[in-house]
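Please read the structure below before turning to the comments.
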Protein chains: 2
Amino acid sequence: MDAALKALAEPRRREILRLVWIDELPATSIAEHFGDVTRSAISQHLGVLKAADLVSERRDGTRRLYRARQDEMQKLRTFLDDFWTSGLERLRDVAEAAQREIERPDKGATDGRTDP
Amino acid sequence: MDAALKALAEPRRREILRLVWIDELPATSIAEHFGDVTRSAISQHLGVLKAADLVSERRDGTRRLYRARQDEMQKLRTFLDDFWTSGLERLRDVAEAAQREIERPDKGATDGRTDP
DNA sequence: CGCTTACGTAAGCATGTGCTTACAATAACG
DNA sequence: CGTTATTGTAAGCACATGCTTACGTAAGCG
């Protein structure tokens, strides 16, 4: 999941994903779409996307057809949805400590340390 | 928008976001939640999150209270939704070329170049 | 005023990343 | 078989990134 987000953080890879969103495309066609970059760079980007399970690879002769894995995309979508709807359980402990901290009740709970 | 995705790609920053999702927290409280990292590192993470507009900063005395900006998160959510529902217009040209490419009609359209 | 608290920030370092150039491997074609 | 097409991959480089240590600064307290 981490890999998917990291992969998505790169604009070039997002563009690649859009290219292979509906139809599969051979690596060369994808690379040709970018005029300012080498085919090798695209190949490496495809490697990252594949490692993140964001694209599938189908071999046809010497060519490799890539296509976006919309199912994995959906997983990521739900992960993000969960991220900012739930996930409050882990906060309970900190929320209480935070409340205590924010109201500044004691202030004498630490030793004489400010920085490492 | 790019900045937001890059910021979200870091697990530590996601954790920070969850911490300040509901209640605002001072930087120190946030840093204390992570035992294996320096307060300075967290401060820098907060800087990234703030630059990406994913957190808001409110000053209270010497402290700075951080809170997740759920509105910006929502923007990012819709951006992602648009990403994989629309965005097909840019594909039209490539889709046609791809179709032609995929069915392997001519094959003699390139010059004698394989690599740079 | 000094001292502490809470925080940012500069400097440096190790590692990650996106890119290019060059080469290697496999499949089709004659 | 040799050649061409299609692709991956190793090596290297410039630059970003996450981290630590050290220092600087503004606000409160005695």
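Order determines the names: the first chain of the structure tokens is A, the second B, and so forth; residues in each chain are numbered 1 upward, and ligands are numbered 1 upward as they are shown.
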
For chain B, report every residue with an atom at most 6 Å from chain A (counting only C-alpha atoms), formatted as a PyMOL selection string. chain B and resi 5-6+9

7 Å contacts from chain B to chain D using only C-alpha atoms (C1' of nucleotides), as an NGL selection string: :B and (41 or 61-62)

Write down, as a PDB file with C-alpha atoms (C1' of nucleotides), in the first residue's frame, each residue of chain C that has any atom within 12 Å of an atom of chain A, counting only C-alpha atoms (C1' of nucleotides).
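Generated file (result-v9.pdb):
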```
ATOM      1  C1'  DC C   3      16.298  30.489  33.057  1.00  0.00           C
ATOM      2  C1'  DT C   4      13.273  27.365  31.076  1.00  0.00           C
ATOM      3  C1'  DT C   5       9.991  25.870  27.514  1.00  0.00           C
ATOM      4  C1'  DA C   6       8.646  25.195  22.825  1.00  0.00           C
ATOM      5  C1'  DC C   7       9.790  25.509  18.620  1.00  0.00           C
ATOM      6  C1'  DG C  16      16.611   7.065  -2.221  1.00  0.00           C
ATOM      7  C1'  DT C  17      15.193   8.601  -6.841  1.00  0.00           C
ATOM      8  C1'  DG C  18      14.729   9.907 -11.630  1.00  0.00           C
ATOM      9  C1'  DC C  19      17.371  10.129 -15.434  1.00  0.00           C
ATOM     10  C1'  DT C  20      20.875   8.903 -19.270  1.00  0.00           C
ATOM     11  C1'  DT C  21      23.951   5.950 -21.725  1.00  0.00           C
ATOM     12  C1'  DA C  22      25.207   1.469 -22.756  1.00  0.00           C
ATOM     13  C1'  DA C  25      18.079 -10.917 -23.845  1.00  0.00           C
ATOM     14  C1'  DT C  26      14.166 -12.705 -26.338  1.00  0.00           C
ATOM     15  C1'  DA C  27      10.927 -13.079 -30.204  1.00  0.00           C
ATOM     16  C1'  DA C  28       9.746 -12.575 -35.052  1.00  0.00           C
TER      17       DA C  28
END
```

Long-range neighbours of Val55 in chain B as number ranges by chain, 8 Å cut-off, only C-alpha atoms (C1' of nucleotides), 5 positions minimum in chain: B: 17, 46, 49-50, 66-69

Please save C-alpha atoms of the selected residues as a compact mmCIF listing (two decimals), in the first residue's frame.
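Written output follows (out.txt):
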```
# COMPACT_ATOMS: atom_id res chain seq x y z
CA LEU B 17 -2.04 13.54 10.16
CA LEU B 46 5.28 19.34 10.00
CA LEU B 49 2.69 19.03 5.73
CA LYS B 50 2.14 22.73 6.19
CA TYR B 66 -1.35 21.78 14.48
CA ARG B 67 -4.50 20.37 13.03
CA ALA B 68 -5.31 18.44 9.88
CA ARG B 69 -6.98 20.46 7.16
```
